[in-house]
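A.B. asks: Okay, handing you the structure first.
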Amino acid sequence: MHDAAGPPGGAGQRGLVAEAAAFVRQFHEETPAAGDPLPRLREVIAEIERTGTYRHTVEELAFGARIAWRNSARCIGRLYWRSLVVRDLRHVTGPEEMAQECFTHLRTATNGGRIRPVVSVFAPDAPGRPAPRILNSQLVRYAGYLDEDGVRTGDPAGERLASLARSLEWKSGEGRFDVLPLLIQPGPGAEPRWFEVPDDAVLEVDLRHPEHGWFAELGLRWYAVPAISDMTLEIGGVRYPAAPFNGWYMGTEIGARNLADADRYAMLHEVGRRLGLDTSSERTLWRDRALVELNVAVLHSFQEAGVTMADHHTESERFLRHIAQEERLGRPTPADWSWIVPPVSGGLTPVYHRYYDPVDPDLRPAFLTREPW
């Protein structure tokens, strides 16, 4: 990859020119109304030679963000990539303004429960000027606490960020579902700023089971919008390190991972006990039975609350429709089998019984694991 901070005329700049040219050609190829790509190519190359980088048009930015979703090998929900709402916030660089726009993102995406896929694209890195970063892995995430006796409360995945926020004088609670503040770091080595997420920006669903009244006594809930905020959006060699994006949840993400994993909320033993299952042996398959009921509760609760959520069977069928559409257009659909196959009843879904196009780590545009400062 190119070095965005490299000197003008260096190897980094030559790499950027190549990546920019490939993207411009792709944009014009898939957007016939854009016309001949050569004038735009000349314009982009001249801008890179002059400044060391270039600025995407609004149309290029929207196209690039949507293609990045289409290229996401770990995402099963790519059928609707064209529907992604792209918010161009490249002019927003101050932590306070970024935080407010993130909260607007959540309100826009929540949409009264009819979840909309949204990406908010903040300023890109520029030569010698890295852009601010959002430190949270998601715009909404629950805090985790570890006391002096080694007792955990809340979400262990939120312990590190909760500890950092507390060191910055965030006054946390001690609950199981405390929403973490949003932490934004203005630059390398700069102290992060924290911002409390407003209540009206977070829709949460209390979890109940359609057949077992005791399930409500567990006091479980989850938030409606999974907005990933710690990945870099790369389009044509330009990197946007703050570009939070969301689709909607598939039920198993909550019921089979967030609430069930041993290093997260680890609810299987309690659910199994409440169900009266024999937990003395793995051969009773008590974990499997508890896991299914936990997922039933998640799907039921989101449906009753009027919040968009997909089940893993339906989403698997949709993904195969997406593959078929892409094949008709002559495009590959890279997919990571270990992420595409759901963590519940994988063998019962159609995505289990096939191979996929190999994952190309150089495929762009893309959402990438963010590199450290």
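Each chain in the structure tokens gets a letter, A, B and so on, in the order shown; residues start at 1 in every chain, and ligands are counted from 1 in the order they appear.
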Residues near Ala227 (chain A), anyone? I mean within 12 Å using only C-alpha atoms, not counting same-chain ones fewer than 3 positions away, as a PyMOL selection string.

C.D. replies: chain A and resi 102-103+105-110+115-120+134+136-141+202+223-224+230-231+242-249

A.B. asks: Find the residues around Phe195 (chain A) up to 12 Å (only C-alpha atoms counted), leave out those fewer than 6 positions away in its own chain, and share them as a ChimeraX atom specification.

C.D. replies: /A:95-103,134-136,139-140,165,168-171,179-185

A.B. asks: Restricting the calculation to only C-alpha atoms, which member of A:His28, A:Arg90, A:Arg14, A:His209 is positioned closest to Gln303 (chain A)?

C.D. replies: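 Closest residue, counting only C-alpha atoms: A:His209.
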
A.B. asks: Taking the chain letters and numbering used in this document, name the residues of region 23-202 of chain A that DSSP puts in strand (DSSP E), as a list in words.

C.D. replies: Val85, Val86, Arg87, Asp88, Val118, Val119, Ser120, Val121, Arg133, Ile134, Gly144, Tyr145, Leu146, Arg152, Thr153, Gly154, Leu182, Leu183, Ile184, Gln185, Arg193, Trp194 and Phe195 of chain A

A.B. asks: If you count only C-alpha atoms, which residues fall within 10 Å of His212 (chain A), apart from same-chain ones fewer than 6 positions away, as a PyMOL selection string?

C.D. replies: chain A and resi 274-275+293+297

A.B. asks: Since we have the selection now, will you write its residues out, keeping N, CA and C atoms, as a PDB file, in the first residue's frame?

C.D. replies:
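Final output, again_9.pdb:
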ATOM      1  N   ARG A 274     -32.443 -22.290  34.017  1.00  0.00           N
ATOM      2  CA  ARG A 274     -33.844 -21.854  34.062  1.00  0.00           C
ATOM      3  C   ARG A 274     -34.745 -22.770  33.236  1.00  0.00           C
ATOM      4  N   LEU A 275     -34.182 -23.331  32.171  1.00  0.00           N
ATOM      5  CA  LEU A 275     -34.951 -24.258  31.344  1.00  0.00           C
ATOM      6  C   LEU A 275     -35.073 -25.634  31.973  1.00  0.00           C
ATOM      7  N   GLU A 293     -32.936 -21.300  22.430  1.00  0.00           N
ATOM      8  CA  GLU A 293     -33.948 -20.519  23.141  1.00  0.00           C
ATOM      9  C   GLU A 293     -33.501 -19.074  23.350  1.00  0.00           C
ATOM     10  N   ALA A 297     -35.540 -15.812  21.835  1.00  0.00           N
ATOM     11  CA  ALA A 297     -35.890 -14.620  22.609  1.00  0.00           C
ATOM     12  C   ALA A 297     -35.439 -13.343  21.908  1.00  0.00           C
TER      13      ALA A 297
END

A.B. asks: Of the candidates A:His91, A:Arg331, A:Arg50, A:Arg25, which one gets nearest to Ala131 (chain A) if we count only C-alpha atoms?

C.D. replies: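 Result for the nearest residue to Ala131 (chain A): A:His91.
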
A.B. asks: Any idea what the distance is between CA of Glu59 (chain A) and CA of Ala366 (chain A)?

C.D. replies: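 Between CA of Glu59 (chain A) and CA of Ala366 (chain A) the gap is 16.6 Å.
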
A.B. asks: Need to verify the contact set: Gly113 (chain A), 10 Å, only C-alpha atoms, exclusion of same-chain residues closer than 6 positions in sequence. Can you return it as number ranges by chain?

C.D. replies: A: 107, 203-204, 224-225, 302-303, 305-309

A.B. asks: Of the candidates A:Pro332, A:Gly173, A:Gly219, A:Pro350, which one gets nearest to His313 (chain A) if we count only C-alpha atoms?

C.D. replies: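 Result for the nearest residue to His313 (chain A): A:Pro350.
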
A.B. asks: Rounded to one decimal, what separation in Å do you get between CA of Arg176 (chain A) and CA of Ser229 (chain A)?

C.D. replies: 22.0 Å

A.B. asks: If we count only C-alpha atoms, what is near Pro365 (chain A) at a cut-off of 10 Å, once residues fewer than 5 positions away on the same chain are taken out, given as JSON, numbers by chain?

C.D. replies: {"A": [19, 23, 63, 64, 65, 66, 67, 68, 69, 70, 71, 72, 233, 234, 235, 236, 237, 238, 239]}

A.B. asks: How many Å lie between CA of Gly15 (chain A) and CA of Asp88 (chain A), rounded to one decimal?

C.D. replies: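 That distance, rounded to one decimal, is 25.2 Å.
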
A.B. asks: Give me the residues near Ala157 (chain A) as a list of chain:residue names, where near means some atom within 9 Å (using only C-alpha atoms) and where sequence neighbours in that chain fewer than 2 positions away do not count.

C.D. replies: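 Listing them by chain and then by number gives A:Arg141, A:Tyr142, A:Ala143, A:Gly144, A:Gly154, A:Asp155, A:Glu159, A:Arg160, A:Leu161, A:Asp263, A:Arg264.
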
A.B. asks: Keeping only N, CA and C atoms, take the residues you just selected and write them out as a compact mmCIF listing (two decimals), in the first residue's frame.

C.D. replies:
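So the final result, stored in again35.txt, reads:
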# COMPACT_ATOMS: atom_id res chain seq x y z
N ARG A 141 -21.83 0.68 22.48
CA ARG A 141 -21.26 -0.56 23.04
C ARG A 141 -21.40 -0.47 24.55
N TYR A 142 -21.52 -1.59 25.20
CA TYR A 142 -21.68 -1.59 26.65
C TYR A 142 -20.34 -1.65 27.37
N ALA A 143 -20.28 -0.99 28.50
CA ALA A 143 -19.06 -0.96 29.31
C ALA A 143 -18.89 -2.28 30.05
N GLY A 144 -17.64 -2.56 30.39
CA GLY A 144 -17.32 -3.71 31.22
C GLY A 144 -16.44 -3.26 32.38
N GLY A 154 -20.94 -6.40 33.40
CA GLY A 154 -21.09 -5.82 32.08
C GLY A 154 -20.43 -6.66 31.00
N ASP A 155 -20.03 -5.98 29.94
CA ASP A 155 -19.47 -6.65 28.76
C ASP A 155 -17.95 -6.63 28.83
N GLU A 159 -14.30 -3.51 28.57
CA GLU A 159 -13.49 -3.18 29.75
C GLU A 159 -12.38 -2.18 29.44
N ARG A 160 -11.66 -2.41 28.35
CA ARG A 160 -10.52 -1.54 28.04
C ARG A 160 -10.97 -0.10 27.82
N LEU A 161 -12.02 0.07 27.04
CA LEU A 161 -12.48 1.42 26.75
C LEU A 161 -13.10 2.08 27.99
N ASP A 263 -16.49 -15.39 26.79
CA ASP A 263 -15.74 -14.18 27.11
C ASP A 263 -16.57 -12.92 26.91
N ARG A 264 -17.90 -13.09 26.78
CA ARG A 264 -18.80 -11.94 26.72
C ARG A 264 -19.80 -12.06 27.88

A.B. asks: With distances taken over only C-alpha atoms, which of A:Pro241, A:Gly213, A:Tyr80, A:Val58 is nearest to Gln325 (chain A)?

C.D. replies: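 The closest residue to Gln325 (chain A) is A:Tyr80.
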
A.B. asks: Measuring atom to atom with only C-alpha atoms, identify which of A:Cys75, A:Leu363, A:Val121, A:Leu38 is nearest to Leu89 (chain A).

C.D. replies: A:Val121
